[in-house]
Amino acid sequence: MIDESTTLSTKCTLILYILSNFDSEIPIVVFLDLIELDGQDANWIAFASDGASVMTGTKSGVAAKLCEKIPQLFTWHCLCHRLELSVHDVIKDVQGASRFQSLMDKLYSYYHQSPKNSRALDEACLEVGIEMKKIGRILNVRWSASSFRTIKAVWENYPGIHKHVSQTLETGLKKKLESSSFLEELGLFYDVLFELGMLSCILQSRKTTLMRAQSEMCRTIRILESLKTEPGEKEKEIIEAIQKRIHKGINITITNR
């Protein structure tokens with residue numbers, strides 16, 4: 001880490017710090033040196049960006065053009081952005097995921113674009129004794145942590161949402177909310193996006209070292225692999241609810257999808 005300053009005698013100086021990890025989760029900043037400069041010609045060390053072709057294209061991308069002038073330049077594709085690109089690739093390839101995303105988008109539009117429906121949902125949540133949480137969109141341009149907050153809001157607002165759509169006679173939406181397939185998908189997405197959202201937040205933190213980033217990515221991969229064979233916490237809860245045919249006081253309709 002460097003910072004430039006000018007002394008009272010108008011001499012240019014460079015302040016150097018080392019950002020390092022000494023058997024601690026939080027990196028420590030240590031002062032290294034104060035150097036007087038003969039000139040102010042800067043050396044560009046690294047360049048980081050998202051993965052857009054205009055930035056990282058091998059022939060005419062910004063990184064490639066910079067490397068032509070500065071061969072030793074270290075270029076880096078943002079890890080958070082790479083994580084989101086991976087998630088979006090999955091959504092394109094898995095039909096069930098896009099179907100669930102479509103239903104969540106419908107809920108978002110139903111409450112986000114109508115202040116009347118939003119107020120009515122707030123009232124319905126109060127009637128059943130829960131606090132309404134804002135419903136956003138999932139798996140779009142936002143980070144995975146944002147998608148998880150929406151899934152968590154639907155999970156916690158579920159009795160209030162069901163009560164409101166029942167009052168407004170939205171029979172199609174009501175049937176989908178009561179279906180076992182929707183609840184199974186909701187539980188699965190909760191467990192998966194909880195892990196991806198936590199990883200995204202860790203990668204965004206300025207305190208995260210490359211060593212910790214590597215460790216957390218490997219940990220997330222292991223957990224996602226385990227979810228293929230063993231259901232997560234929320235999915236287990238839904239499986240038990242389906243066996244009883246009731247979830248949070250609402251009758252479940254068994255579907256084969």
# chains A, B, ... in the order shown; residues from 1 in each chain; ligands from 1
$ closest_atom_pairs --of "segment 142-168 of chain A" --to "segment 96-102 of chain A" --cutoff "12 Å" --atoms "only C-alpha atoms" --output "CSV"
residue,atom,partner,partner_atom,distance
A:Ser147,CA,A:Gln101,CA,10.4
A:Thr150,CA,A:Gln101,CA,11.3
A:Ile151,CA,A:Gln101,CA,10.5
$ write_last_selection --atoms "C-alpha atoms" --output "PDB file, in the first residue's frame"
ATOM      1  CA  SER A 147     -30.793 -12.979  -3.878  1.00  0.00           C
ATOM      2  CA  THR A 150     -35.172 -12.142  -1.083  1.00  0.00           C
ATOM      3  CA  ILE A 151     -35.437 -15.904  -0.554  1.00  0.00           C
TER       4      ILE A 151
END
$ closest_atom_pairs --of "segment 99-146 of chain A" --to "segment 170-177 of chain A" --cutoff "9 Å" --atoms "only C-alpha atoms" --output "Markdown table"
| residue | atom | partner | partner_atom | distance |
| --- | --- | --- | --- | --- |
| A:Leu103 | CA | A:Lys176 | CA | 8.6 |
| A:Lys106 | CA | A:Leu173 | CA | 9.0 |
| A:Leu107 | CA | A:Leu173 | CA | 8.7 |
$ select_by_dssp --residues "segment 6-251 of chain A" --states "strand (DSSP E or B)" --output "VMD selection string"
chain A and resid 6 12 to 20 28 to 36 46 to 49 74 to 77 179 246 to 247 250 to 251
$ write_last_selection --atoms "N, CA, C and O atoms" --output "short mmCIF file (atom, residue, chain, number, x, y, z; two decimals), in the first residue's frame"
data_model
loop_
_atom_site.label_atom_id
_atom_site.label_comp_id
_atom_site.auth_asym_id
_atom_site.auth_seq_id
_atom_site.Cartn_x
_atom_site.Cartn_y
_atom_site.Cartn_z
N THR A 6 3.82 15.52 -0.06
CA THR A 6 4.85 16.52 -0.30
C THR A 6 5.21 17.19 1.01
O THR A 6 4.32 17.61 1.77
N CYS A 12 9.03 15.59 -2.81
CA CYS A 12 8.03 14.53 -2.96
C CYS A 12 8.49 13.29 -2.20
O CYS A 12 9.66 12.89 -2.26
N THR A 13 7.56 12.69 -1.49
CA THR A 13 7.88 11.49 -0.71
C THR A 13 6.84 10.40 -0.98
O THR A 13 5.71 10.67 -1.38
N LEU A 14 7.26 9.19 -0.76
CA LEU A 14 6.38 8.04 -0.92
C LEU A 14 6.33 7.27 0.39
O LEU A 14 7.39 6.91 0.93
N ILE A 15 5.14 7.03 0.92
CA ILE A 15 4.97 6.29 2.16
C ILE A 15 4.58 4.86 1.81
O ILE A 15 3.64 4.64 1.06
N LEU A 16 5.30 3.88 2.33
CA LEU A 16 5.06 2.47 2.02
C LEU A 16 4.57 1.72 3.26
O LEU A 16 5.11 1.88 4.35
N TYR A 17 3.53 0.92 3.04
CA TYR A 17 3.02 0.04 4.09
C TYR A 17 2.98 -1.38 3.54
O TYR A 17 2.88 -1.60 2.34
N ILE A 18 3.02 -2.35 4.44
CA ILE A 18 2.84 -3.75 4.07
C ILE A 18 1.52 -4.23 4.67
O ILE A 18 1.28 -4.06 5.87
N LEU A 19 0.68 -4.80 3.83
CA LEU A 19 -0.56 -5.42 4.29
C LEU A 19 -0.30 -6.92 4.36
O LEU A 19 -0.10 -7.56 3.33
N SER A 20 -0.29 -7.48 5.57
CA SER A 20 0.14 -8.86 5.71
C SER A 20 -0.70 -9.61 6.73
O SER A 20 -1.48 -9.00 7.47
N ILE A 28 -2.96 -7.24 8.90
CA ILE A 28 -2.40 -6.15 9.68
C ILE A 28 -1.60 -5.23 8.76
O ILE A 28 -0.84 -5.68 7.91
N VAL A 29 -1.78 -3.92 8.93
CA VAL A 29 -1.04 -2.93 8.14
C VAL A 29 0.17 -2.47 8.96
O VAL A 29 0.02 -2.00 10.09
N VAL A 30 1.36 -2.60 8.36
CA VAL A 30 2.61 -2.25 9.05
C VAL A 30 3.35 -1.19 8.23
O VAL A 30 3.55 -1.35 7.02
N PHE A 31 3.75 -0.09 8.89
CA PHE A 31 4.55 0.93 8.22
C PHE A 31 5.90 0.37 7.83
O PHE A 31 6.58 -0.28 8.63
N LEU A 32 6.36 0.63 6.59
CA LEU A 32 7.63 0.08 6.11
C LEU A 32 8.69 1.16 5.94
O LEU A 32 9.78 1.08 6.52
N ASP A 33 8.38 2.22 5.17
CA ASP A 33 9.44 3.19 4.86
C ASP A 33 8.84 4.49 4.35
O ASP A 33 7.70 4.53 3.89
N LEU A 34 9.64 5.55 4.42
CA LEU A 34 9.31 6.85 3.86
C LEU A 34 10.44 7.20 2.90
O LEU A 34 11.60 7.35 3.30
N ILE A 35 10.14 7.35 1.61
CA ILE A 35 11.17 7.50 0.58
C ILE A 35 11.03 8.85 -0.11
O ILE A 35 9.92 9.21 -0.55
N GLU A 36 12.15 9.57 -0.22
CA GLU A 36 12.14 10.80 -1.01
C GLU A 36 12.27 10.45 -2.48
O GLU A 36 13.08 9.60 -2.87
N ALA A 46 -0.92 -3.48 -10.98
CA ALA A 46 -2.02 -4.45 -11.16
C ALA A 46 -3.26 -3.75 -11.71
O ALA A 46 -3.45 -2.54 -11.54
N PHE A 47 -4.10 -4.54 -12.37
CA PHE A 47 -5.36 -4.04 -12.94
C PHE A 47 -6.44 -5.08 -12.69
O PHE A 47 -6.29 -6.25 -13.03
N ALA A 48 -7.54 -4.66 -12.05
CA ALA A 48 -8.65 -5.58 -11.75
C ALA A 48 -9.94 -5.03 -12.35
O ALA A 48 -10.16 -3.82 -12.38
N SER A 49 -10.81 -5.93 -12.84
CA SER A 49 -12.06 -5.49 -13.45
C SER A 49 -13.04 -6.65 -13.45
O SER A 49 -12.74 -7.75 -13.00
N PHE A 74 -0.01 -7.06 -13.73
CA PHE A 74 -0.79 -8.20 -13.22
C PHE A 74 -2.28 -7.89 -13.39
O PHE A 74 -2.77 -6.90 -12.86
N THR A 75 -2.99 -8.71 -14.18
CA THR A 75 -4.42 -8.47 -14.43
C THR A 75 -5.25 -9.50 -13.68
O THR A 75 -4.85 -10.66 -13.54
N TRP A 76 -6.42 -9.07 -13.21
CA TRP A 76 -7.22 -9.92 -12.31
C TRP A 76 -8.70 -9.73 -12.61
O TRP A 76 -9.19 -8.61 -12.69
N HIS A 77 -9.41 -10.85 -12.77
CA HIS A 77 -10.87 -10.82 -12.95
C HIS A 77 -11.51 -10.95 -11.56
O HIS A 77 -11.30 -11.93 -10.86
N SER A 179 -48.18 -25.49 -3.34
CA SER A 179 -47.69 -26.73 -3.94
C SER A 179 -46.41 -27.20 -3.26
O SER A 179 -45.55 -26.41 -2.87
N ILE A 246 -48.54 -29.91 5.94
CA ILE A 246 -48.81 -28.58 6.47
C ILE A 246 -47.49 -27.87 6.76
O ILE A 246 -46.54 -28.48 7.26
N HIS A 247 -47.42 -26.59 6.37
CA HIS A 247 -46.22 -25.79 6.59
C HIS A 247 -46.62 -24.42 7.11
O HIS A 247 -47.36 -23.68 6.44
N ILE A 250 -50.27 -23.76 6.94
CA ILE A 250 -50.92 -23.74 5.62
C ILE A 250 -50.87 -25.14 5.03
O ILE A 250 -49.81 -25.79 5.00
N ASN A 251 -52.01 -25.61 4.53
CA ASN A 251 -52.10 -26.93 3.94
C ASN A 251 -51.31 -27.00 2.64
O ASN A 251 -51.36 -26.08 1.82
#
$ select_by_dssp --residues "segment 72-171 of chain A" --states "alpha helix (DSSP H)" --output "PyMOL selection string"
chain A and resi 79-93+95-112+115-127+144-167+171
$ closest_residue --among "A:Leu66, A:Asn43, A:Glu184, A:Trp143" --to "His88 of chain A" --atoms "only C-alpha atoms"
A:Trp143
$ residues_around --residues "segment 237-243 of chain A" --least-positions-apart "2" --cutoff "9 Å" --atoms "only C-alpha atoms" --output "ChimeraX atom specification"
/A:180,183-184,186-187,232-235,245-248,252-254
$ write_last_selection --atoms "all heavy atoms" --output "short mmCIF file (atom, residue, chain, number, x, y, z; two decimals), in the first residue's frame"
data_model
loop_
_atom_site.label_atom_id
_atom_site.label_comp_id
_atom_site.auth_asym_id
_atom_site.auth_seq_id
_atom_site.Cartn_x
_atom_site.Cartn_y
_atom_site.Cartn_z
N SER A 180 -46.28 -28.50 -3.15
CA SER A 180 -45.08 -29.08 -2.52
C SER A 180 -43.83 -28.80 -3.35
O SER A 180 -42.74 -28.63 -2.80
CB SER A 180 -45.26 -30.60 -2.35
OG SER A 180 -45.48 -31.22 -3.62
N LEU A 183 -42.44 -25.32 -2.49
CA LEU A 183 -41.83 -25.30 -1.17
C LEU A 183 -40.50 -26.05 -1.15
O LEU A 183 -39.54 -25.62 -0.50
CB LEU A 183 -42.79 -25.90 -0.14
CG LEU A 183 -44.03 -25.04 0.16
CD1 LEU A 183 -45.02 -25.81 1.02
CD2 LEU A 183 -43.62 -23.74 0.84
N GLU A 184 -40.42 -27.15 -1.89
CA GLU A 184 -39.15 -27.88 -1.98
C GLU A 184 -38.08 -27.03 -2.64
O GLU A 184 -36.93 -26.99 -2.20
CB GLU A 184 -39.35 -29.18 -2.76
CG GLU A 184 -40.05 -30.27 -1.98
CD GLU A 184 -40.24 -31.53 -2.79
OE1 GLU A 184 -40.85 -31.46 -3.87
OE2 GLU A 184 -39.78 -32.59 -2.34
N LEU A 186 -38.09 -23.75 -2.78
CA LEU A 186 -37.79 -22.64 -1.87
C LEU A 186 -36.77 -23.07 -0.81
O LEU A 186 -35.82 -22.34 -0.52
CB LEU A 186 -39.08 -22.15 -1.20
CG LEU A 186 -38.95 -20.95 -0.26
CD1 LEU A 186 -38.49 -19.71 -1.02
CD2 LEU A 186 -40.28 -20.67 0.46
N GLY A 187 -36.96 -24.25 -0.24
CA GLY A 187 -36.02 -24.75 0.76
C GLY A 187 -34.64 -24.99 0.18
O GLY A 187 -33.63 -24.65 0.79
N GLY A 232 -30.25 -29.94 2.86
CA GLY A 232 -29.82 -28.94 3.83
C GLY A 232 -30.88 -28.71 4.90
O GLY A 232 -31.94 -29.35 4.91
N GLU A 233 -30.61 -27.76 5.78
CA GLU A 233 -31.48 -27.51 6.93
C GLU A 233 -32.90 -27.15 6.53
O GLU A 233 -33.87 -27.74 7.02
CB GLU A 233 -30.88 -26.37 7.77
CG GLU A 233 -31.72 -26.00 8.98
CD GLU A 233 -31.18 -24.81 9.73
OE1 GLU A 233 -30.01 -24.42 9.46
OE2 GLU A 233 -31.89 -24.23 10.57
N LYS A 234 -33.07 -26.20 5.61
CA LYS A 234 -34.41 -25.76 5.23
C LYS A 234 -35.12 -26.79 4.37
O LYS A 234 -36.33 -26.98 4.47
CB LYS A 234 -34.33 -24.43 4.48
CG LYS A 234 -33.78 -23.29 5.32
CD LYS A 234 -34.62 -23.05 6.57
CE LYS A 234 -34.08 -21.90 7.39
NZ LYS A 234 -34.80 -21.70 8.67
N GLU A 235 -34.36 -27.49 3.52
CA GLU A 235 -34.98 -28.54 2.70
C GLU A 235 -35.49 -29.67 3.58
O GLU A 235 -36.55 -30.25 3.33
CB GLU A 235 -33.98 -29.06 1.67
CG GLU A 235 -34.65 -29.88 0.57
CD GLU A 235 -33.68 -30.35 -0.50
OE1 GLU A 235 -32.47 -30.09 -0.36
OE2 GLU A 235 -34.15 -30.98 -1.45
N ARG A 245 -48.11 -32.64 5.51
CA ARG A 245 -48.99 -31.89 4.60
C ARG A 245 -49.40 -30.54 5.17
O ARG A 245 -50.48 -30.03 4.86
CB ARG A 245 -50.24 -32.71 4.25
CG ARG A 245 -49.90 -34.02 3.55
CD ARG A 245 -50.99 -34.45 2.62
NE ARG A 245 -50.58 -35.59 1.82
CZ ARG A 245 -51.23 -36.06 0.76
NH1 ARG A 245 -52.35 -35.47 0.38
NH2 ARG A 245 -50.79 -37.08 0.07
N ILE A 246 -48.54 -29.91 5.94
CA ILE A 246 -48.81 -28.58 6.47
C ILE A 246 -47.49 -27.87 6.76
O ILE A 246 -46.54 -28.48 7.26
CB ILE A 246 -49.69 -28.64 7.74
CG1 ILE A 246 -50.15 -27.23 8.13
CG2 ILE A 246 -48.97 -29.34 8.89
CD1 ILE A 246 -51.24 -27.23 9.18
N HIS A 247 -47.42 -26.59 6.37
CA HIS A 247 -46.22 -25.79 6.59
C HIS A 247 -46.62 -24.42 7.11
O HIS A 247 -47.36 -23.68 6.44
CB HIS A 247 -45.42 -25.65 5.29
CG HIS A 247 -44.19 -24.78 5.43
ND1 HIS A 247 -43.17 -25.06 6.30
CD2 HIS A 247 -43.84 -23.62 4.79
CE1 HIS A 247 -42.22 -24.13 6.20
NE2 HIS A 247 -42.61 -23.23 5.31
N LYS A 248 -46.17 -24.08 8.31
CA LYS A 248 -46.49 -22.81 8.95
C LYS A 248 -47.99 -22.55 8.97
O LYS A 248 -48.46 -21.44 8.72
CB LYS A 248 -45.76 -21.66 8.25
CG LYS A 248 -44.24 -21.74 8.37
CD LYS A 248 -43.55 -20.50 7.84
CE LYS A 248 -42.03 -20.60 8.06
NZ LYS A 248 -41.30 -19.39 7.63
N ILE A 252 -50.59 -28.10 2.46
CA ILE A 252 -49.75 -28.30 1.28
C ILE A 252 -50.44 -29.22 0.29
O ILE A 252 -51.00 -30.26 0.68
CB ILE A 252 -48.39 -28.89 1.68
CG1 ILE A 252 -47.64 -27.94 2.62
CG2 ILE A 252 -47.55 -29.19 0.44
CD1 ILE A 252 -46.36 -28.52 3.17
N THR A 253 -50.39 -28.83 -0.98
CA THR A 253 -50.91 -29.69 -2.05
C THR A 253 -49.74 -30.47 -2.66
O THR A 253 -48.76 -29.87 -3.11
CB THR A 253 -51.58 -28.85 -3.16
OG1 THR A 253 -52.63 -28.09 -2.57
CG2 THR A 253 -52.14 -29.74 -4.25
N ILE A 254 -49.82 -31.78 -2.65
CA ILE A 254 -48.72 -32.59 -3.17
C ILE A 254 -48.74 -32.58 -4.69
O ILE A 254 -49.75 -32.90 -5.32
CB ILE A 254 -48.82 -34.04 -2.66
CG1 ILE A 254 -48.94 -34.07 -1.13
CG2 ILE A 254 -47.62 -34.86 -3.13
CD1 ILE A 254 -47.75 -33.45 -0.42
#
$ residues_around --residues "segment 210-222 of chain A" --least-positions-apart "5" --cutoff "7 Å" --atoms "only C-alpha atoms" --output "PyMOL selection string"
chain A and resi 195+199+203
$ residues_around --residues "Glu156 of chain A" --least-positions-apart "3" --cutoff "12 Å" --atoms "only C-alpha atoms" --output "PyMOL selection string"
chain A and resi 125+128-135+149-153+159-162+186-187+190+234+247-248
$ closest_residue --among "A:Lys59, A:Glu127, A:Arg137, A:Thr209" --to "Asp105 of chain A" --atoms "only C-alpha atoms"
A:Arg137
$ closest_residue --among "A:Thr229, A:Asn117, A:Thr208, A:Thr255" --to "Glu25 of chain A" --atoms "only C-alpha atoms"
A:Thr208
